[in-house]
Amino acid sequence: MSDSANNQPPGYTPPEVWRWDAQDGGEWTSINRPIATPTHEKALPTGEHPLQLYSLGTPNGQKVTIMLEELLALGHSGAEYDAWYINIGKGDQFGSGFVDINPNAKIPAMMDHSTNPPTRLFESAAIMIYLAEKFDAFLPTEHYRRAETLNWLMWQMGSAPFLGGGFGHFYAYAPFKMEYPIDRYAMETKRLLHVLDLHLADHEYLAGDVYTIADMAAWPWYGSMMNNAYEAAKFLSVEEYTHVRRWTDQIGSREAVKRGRMVTRGMGPLEEQLLERHSAEDFDNNTQDKVEARGGKRV
């Protein structure tokens, strides 16, 4: 172990046994804890559609809402859904109703009430595969394309912690700047961008010439990195990745993607936030700017 005089903070030495005492972990300290039980009793609301989504418009949440909007754009009326805003900063994900669906207490979580008994769904990739199979869309049935789709879907799932909990945390949210973890995760983020850039040089989409759940899963993370997530675009020299830029812009121009990224989004311009989504009309009538102009009332 290194000399504690060189540690950060200076003099820090890990204890023999780690104990949680609500350390200052930066801006998002309150969303993490070392136990998995609910903190409070709270039932979740249920709307009129069979698909009930409980989420937040982070990259992981956007994956599912983008897919649902893409399914609706294809004409799958059974993909109509109610989306409910889960405020992770206030601990909504630790309520008993949410933990009943997702014992890991992370967004997104979904219930499908069209089955008997209802089907609980958690982990974004699991939800996307479930919906793809339910509606026979965006997951190719041909052997090699299906395999390639799942390859890239799982690649995205494995890479997200490096972009978010790794680079994003230490670069933007940690209580003080530390050179070692920033360098470590910047290197990994750039490596992953290079992996994507090399692949997209010869492929229109991740699975080849067809748009799939792999693109829907990767775009919220890698598209956001290309569009200055964590205000780090210059730091990471993201414009080096010209093929990722082409793919980012191509997918971002899809109308279903534009809608999906708004749902349960509690950040950015108010006109791009739709905290709850119960019908397509909500995009016209109940964006947060209009809700606030009506004193908090939805129509």
# chains A, B, ... in the order shown; residues from 1 in each chain; ligands from 1
$ closest_atom_pairs --of "region 141-217 of chain A" --to "region 58-81 of chain A" --cutoff "12 Å" --atoms "only C-alpha atoms" --output "CSV"
residue,atom,partner,partner_atom,distance
A:Leu153,CA,A:Lys63,CA,11.0
A:Gln156,CA,A:Asn60,CA,10.5
A:Met157,CA,A:Asn60,CA,9.3
A:Ala160,CA,A:Asn60,CA,8.8
A:Pro161,CA,A:Asn60,CA,10.8
A:Leu163,CA,A:Pro59,CA,10.7
A:Gly164,CA,A:Pro59,CA,9.3
A:Tyr211,CA,A:Glu70,CA,10.7
A:Thr212,CA,A:Met67,CA,9.3
A:Ile213,CA,A:Met67,CA,7.3
A:Ala214,CA,A:Lys63,CA,9.5
A:Asp215,CA,A:Lys63,CA,9.1
A:Met216,CA,A:Lys63,CA,5.6
A:Ala217,CA,A:Lys63,CA,5.0
$ residues_around --residues "Asn102 (chain A)" --least-positions-apart "4" --cutoff "12 Å" --atoms "only C-alpha atoms" --output "list in words"
Ala36, Thr37, Pro38, Leu53, Tyr54, Ser55, Gln93, Phe94, Gly95, Ser96, Gly97, Phe98, Lys106, Ile107, Pro108, Ala109, Met110, Met111, Thr119, Arg120, Leu121, Phe122, Glu123, Ser124, Ala126 and Ile127 of chain A
$ write_last_selection --atoms "N, CA and C atoms" --output "mmCIF file, in the first residue's frame"
data_model
loop_
_atom_site.group_PDB
_atom_site.id
_atom_site.type_symbol
_atom_site.label_atom_id
_atom_site.label_comp_id
_atom_site.auth_asym_id
_atom_site.auth_seq_id
_atom_site.Cartn_x
_atom_site.Cartn_y
_atom_site.Cartn_z
ATOM 1 N N ALA A 36 -30.006 -2.878 0.986
ATOM 2 C CA ALA A 36 -30.970 -2.982 -0.103
ATOM 3 C C ALA A 36 -32.421 -2.936 0.338
ATOM 4 N N THR A 37 -32.697 -2.782 1.609
ATOM 5 C CA THR A 37 -34.081 -2.754 2.079
ATOM 6 C C THR A 37 -34.708 -1.385 1.833
ATOM 7 N N PRO A 38 -36.054 -1.320 1.692
ATOM 8 C CA PRO A 38 -36.709 -0.018 1.509
ATOM 9 C C PRO A 38 -36.491 0.884 2.712
ATOM 10 N N LEU A 53 -44.365 2.299 -16.383
ATOM 11 C CA LEU A 53 -42.930 2.553 -16.280
ATOM 12 C C LEU A 53 -42.663 3.522 -15.140
ATOM 13 N N TYR A 54 -41.693 3.191 -14.318
ATOM 14 C CA TYR A 54 -41.280 4.032 -13.191
ATOM 15 C C TYR A 54 -39.810 4.351 -13.418
ATOM 16 N N SER A 55 -39.515 5.627 -13.695
ATOM 17 C CA SER A 55 -38.181 5.894 -14.212
ATOM 18 C C SER A 55 -37.787 7.349 -14.012
ATOM 19 N N GLN A 93 -36.791 5.894 -5.207
ATOM 20 C CA GLN A 93 -36.410 4.524 -5.585
ATOM 21 C C GLN A 93 -36.261 3.596 -4.390
ATOM 22 N N PHE A 94 -36.276 4.161 -3.192
ATOM 23 C CA PHE A 94 -36.161 3.346 -1.981
ATOM 24 C C PHE A 94 -37.512 3.084 -1.325
ATOM 25 N N GLY A 95 -38.592 3.520 -1.982
ATOM 26 C CA GLY A 95 -39.929 3.225 -1.474
ATOM 27 C C GLY A 95 -40.258 1.751 -1.639
ATOM 28 N N SER A 96 -41.131 1.233 -0.795
ATOM 29 C CA SER A 96 -41.427 -0.200 -0.797
ATOM 30 C C SER A 96 -42.015 -0.672 -2.122
ATOM 31 N N GLY A 97 -42.873 0.146 -2.744
ATOM 32 C CA GLY A 97 -43.464 -0.261 -4.005
ATOM 33 C C GLY A 97 -42.440 -0.401 -5.107
ATOM 34 N N PHE A 98 -41.490 0.530 -5.147
ATOM 35 C CA PHE A 98 -40.453 0.461 -6.168
ATOM 36 C C PHE A 98 -39.530 -0.731 -5.928
ATOM 37 N N LYS A 106 -32.920 0.701 -8.476
ATOM 38 C CA LYS A 106 -32.393 1.570 -9.529
ATOM 39 C C LYS A 106 -33.433 1.698 -10.636
ATOM 40 N N ILE A 107 -33.463 2.869 -11.264
ATOM 41 C CA ILE A 107 -34.350 3.039 -12.414
ATOM 42 C C ILE A 107 -33.653 2.466 -13.642
ATOM 43 N N PRO A 108 -34.436 2.040 -14.662
ATOM 44 C CA PRO A 108 -35.884 2.005 -14.747
ATOM 45 C C PRO A 108 -36.455 0.704 -14.204
ATOM 46 N N ALA A 109 -37.743 0.748 -13.884
ATOM 47 C CA ALA A 109 -38.476 -0.459 -13.495
ATOM 48 C C ALA A 109 -39.829 -0.404 -14.189
ATOM 49 N N MET A 110 -40.364 -1.577 -14.497
ATOM 50 C CA MET A 110 -41.616 -1.621 -15.252
ATOM 51 C C MET A 110 -42.471 -2.781 -14.791
ATOM 52 N N MET A 111 -43.789 -2.600 -14.884
ATOM 53 C CA MET A 111 -44.744 -3.680 -14.696
ATOM 54 C C MET A 111 -45.552 -3.850 -15.974
ATOM 55 N N THR A 119 -46.145 -9.042 -14.820
ATOM 56 C CA THR A 119 -44.715 -9.324 -14.943
ATOM 57 C C THR A 119 -43.918 -8.121 -14.480
ATOM 58 N N ARG A 120 -43.005 -8.329 -13.530
ATOM 59 C CA ARG A 120 -42.126 -7.239 -13.127
ATOM 60 C C ARG A 120 -40.864 -7.285 -13.982
ATOM 61 N N LEU A 121 -40.329 -6.107 -14.266
ATOM 62 C CA LEU A 121 -39.159 -5.991 -15.124
ATOM 63 C C LEU A 121 -38.210 -4.957 -14.549
ATOM 64 N N PHE A 122 -36.951 -5.325 -14.444
ATOM 65 C CA PHE A 122 -35.929 -4.354 -14.065
ATOM 66 C C PHE A 122 -34.644 -4.666 -14.804
ATOM 67 N N GLU A 123 -33.729 -3.705 -14.816
ATOM 68 C CA GLU A 123 -32.529 -3.644 -15.646
ATOM 69 C C GLU A 123 -32.937 -3.285 -17.081
ATOM 70 N N SER A 124 -32.361 -2.195 -17.571
ATOM 71 C CA SER A 124 -32.794 -1.637 -18.850
ATOM 72 C C SER A 124 -32.672 -2.635 -19.997
ATOM 73 N N ALA A 126 -32.824 -5.907 -19.873
ATOM 74 C CA ALA A 126 -33.855 -6.933 -19.717
ATOM 75 C C ALA A 126 -35.203 -6.401 -20.182
ATOM 76 N N ILE A 127 -35.512 -5.147 -19.853
ATOM 77 C CA ILE A 127 -36.772 -4.545 -20.289
ATOM 78 C C ILE A 127 -36.810 -4.455 -21.809
#
$ atom_distance --atom1 "CA of Tyr222 (chain A)" --atom2 "CA of Arg245 (chain A)"
9.4 Å
$ closest_residue --among "A:Val299, A:Val244, A:Ala233, A:Leu51" --to "Leu193 (chain A)" --atoms "only C-alpha atoms"
A:Val244
$ closest_residue --among "A:His278, A:Trp84, A:Ile35, A:Leu56" --to "Pro103 (chain A)" --atoms "only C-alpha atoms"
A:Ile35
$ residues_around --residues "region 5-18 of chain A" --least-positions-apart "4" --cutoff "10 Å" --atoms "only C-alpha atoms" --output "count of residues only"
6
$ residues_around --residues "Arg277 (chain A)" --least-positions-apart "4" --cutoff "8 Å" --atoms "only C-alpha atoms" --output "PyMOL selection string"
chain A and resi 81-84+263-264+282-283
$ closest_residue --among "A:Ala105, A:Ile31, A:Leu236, A:Leu275" --to "Glu188 (chain A)" --atoms "only C-alpha atoms"
A:Leu236
$ atom_distance --atom1 "CA of Ala256 (chain A)" --atom2 "CA of Thr141 (chain A)"
22.8 Å
$ atom_distance --atom1 "CA of Tyr230 (chain A)" --atom2 "CA of His194 (chain A)"
18.9 Å
$ select_by_dssp --residues "region 2-234 of chain A" --states "helix (DSSP H, G or I)" --output "ChimeraX atom specification"
/A:4-6,29-31,59-73,77-79,88-90,92-94,96-101,124-135,143-173,179-200,213-226,229-231,233-234
$ select_by_dssp --residues "region 73-294 of chain A" --states "strand (DSSP E or B)" --output "CSV table (one decimal) with N, CA and C atoms, in the first residue's frame"
chain,number,residue,atom,x,y,z
A,81,TYR,N,-48.2,3.4,-22.9
A,81,TYR,CA,-47.7,3.2,-21.5
A,81,TYR,C,-47.9,4.5,-20.7
A,82,ASP,N,-47.9,4.2,-19.4
A,82,ASP,CA,-47.9,5.3,-18.4
A,82,ASP,C,-46.5,5.4,-17.8
A,83,ALA,N,-45.9,6.6,-17.8
A,83,ALA,CA,-44.6,6.8,-17.2
A,83,ALA,C,-44.7,7.7,-16.0
A,84,TRP,N,-44.0,7.3,-15.0
A,84,TRP,CA,-44.1,8.0,-13.7
A,84,TRP,C,-42.7,8.4,-13.3
A,85,TYR,N,-42.6,9.6,-12.9
A,85,TYR,CA,-41.3,10.3,-12.5
A,85,TYR,C,-40.8,9.7,-11.1
A,95,GLY,N,-38.6,3.5,-2.0
A,95,GLY,CA,-39.9,3.2,-1.5
A,95,GLY,C,-40.3,1.8,-1.6
A,109,ALA,N,-37.7,0.7,-13.9
A,109,ALA,CA,-38.5,-0.5,-13.5
A,109,ALA,C,-39.8,-0.4,-14.2
A,110,MET,N,-40.4,-1.6,-14.5
A,110,MET,CA,-41.6,-1.6,-15.3
A,110,MET,C,-42.5,-2.8,-14.8
A,111,MET,N,-43.8,-2.6,-14.9
A,111,MET,CA,-44.7,-3.7,-14.7
A,111,MET,C,-45.6,-3.9,-16.0
A,112,ASP,N,-45.7,-5.1,-16.4
A,112,ASP,CA,-46.6,-5.4,-17.5
A,112,ASP,C,-47.9,-6.1,-17.0
A,119,THR,N,-46.1,-9.0,-14.8
A,119,THR,CA,-44.7,-9.3,-14.9
A,119,THR,C,-43.9,-8.1,-14.5
A,120,ARG,N,-43.0,-8.3,-13.5
A,120,ARG,CA,-42.1,-7.2,-13.1
A,120,ARG,C,-40.9,-7.3,-14.0
A,121,LEU,N,-40.3,-6.1,-14.3
A,121,LEU,CA,-39.2,-6.0,-15.1
A,121,LEU,C,-38.2,-5.0,-14.5
A,122,PHE,N,-37.0,-5.3,-14.4
A,122,PHE,CA,-35.9,-4.4,-14.1
A,122,PHE,C,-34.6,-4.7,-14.8
A,205,TYR,N,-25.3,1.1,-38.3
A,205,TYR,CA,-25.8,0.9,-37.0
A,205,TYR,C,-24.9,-0.1,-36.3
A,208,GLY,N,-25.1,-3.5,-37.7
A,208,GLY,CA,-24.9,-3.6,-39.2
A,208,GLY,C,-25.8,-2.5,-39.9
A,263,VAL,N,-39.2,12.0,-21.8
A,263,VAL,CA,-40.1,11.4,-20.8
A,263,VAL,C,-39.4,11.2,-19.4
A,274,LEU,N,-40.9,16.1,-19.6
A,274,LEU,CA,-42.2,15.6,-19.5
A,274,LEU,C,-42.2,14.6,-18.3
A,277,ARG,N,-45.9,10.7,-18.4
A,277,ARG,CA,-46.4,10.5,-19.8
A,277,ARG,C,-47.5,9.5,-19.7
$ residues_around --residues "Gln288 (chain A)" --least-positions-apart "6" --cutoff "10 Å" --atoms "only C-alpha atoms" --output "ChimeraX atom specification"
/A:265-266,269-276,294,296-298
$ write_last_selection --atoms "N, CA and C atoms" --output "compact mmCIF listing (two decimals), in the first residue's frame"
# COMPACT_ATOMS: atom_id res chain seq x y z
N ARG A 265 -37.97 13.23 -17.75
CA ARG A 265 -36.73 14.02 -17.71
C ARG A 265 -36.93 15.19 -16.77
N GLY A 266 -36.11 15.29 -15.75
CA GLY A 266 -36.23 16.35 -14.77
C GLY A 266 -35.08 17.33 -14.82
N PRO A 269 -33.97 22.32 -20.29
CA PRO A 269 -35.05 23.28 -20.51
C PRO A 269 -36.41 22.69 -20.15
N LEU A 270 -37.27 23.49 -19.55
CA LEU A 270 -38.57 22.99 -19.10
C LEU A 270 -39.42 22.47 -20.26
N GLU A 271 -39.25 23.06 -21.44
CA GLU A 271 -40.05 22.60 -22.59
C GLU A 271 -39.60 21.22 -23.08
N GLU A 272 -38.48 20.71 -22.57
CA GLU A 272 -37.99 19.38 -22.93
C GLU A 272 -38.22 18.37 -21.81
N GLN A 273 -38.94 18.77 -20.79
CA GLN A 273 -39.23 17.89 -19.67
C GLN A 273 -40.69 17.45 -19.69
N LEU A 274 -40.90 16.14 -19.59
CA LEU A 274 -42.25 15.59 -19.48
C LEU A 274 -42.20 14.61 -18.30
N LEU A 275 -42.53 15.13 -17.11
CA LEU A 275 -42.32 14.34 -15.90
C LEU A 275 -43.20 13.10 -15.86
N GLU A 276 -44.43 13.22 -16.38
CA GLU A 276 -45.31 12.07 -16.51
C GLU A 276 -45.77 11.97 -17.95
N ARG A 294 -49.42 26.66 -15.60
CA ARG A 294 -50.78 26.45 -15.08
C ARG A 294 -50.77 26.21 -13.58
N GLY A 296 -48.87 24.11 -11.86
CA GLY A 296 -48.65 22.71 -11.52
C GLY A 296 -49.76 21.78 -11.98
N LYS A 297 -50.71 22.27 -12.74
CA LYS A 297 -51.83 21.44 -13.16
C LYS A 297 -51.57 20.78 -14.51
N ARG A 298 -51.87 19.49 -14.60
CA ARG A 298 -51.85 18.76 -15.86
C ARG A 298 -53.25 18.82 -16.48
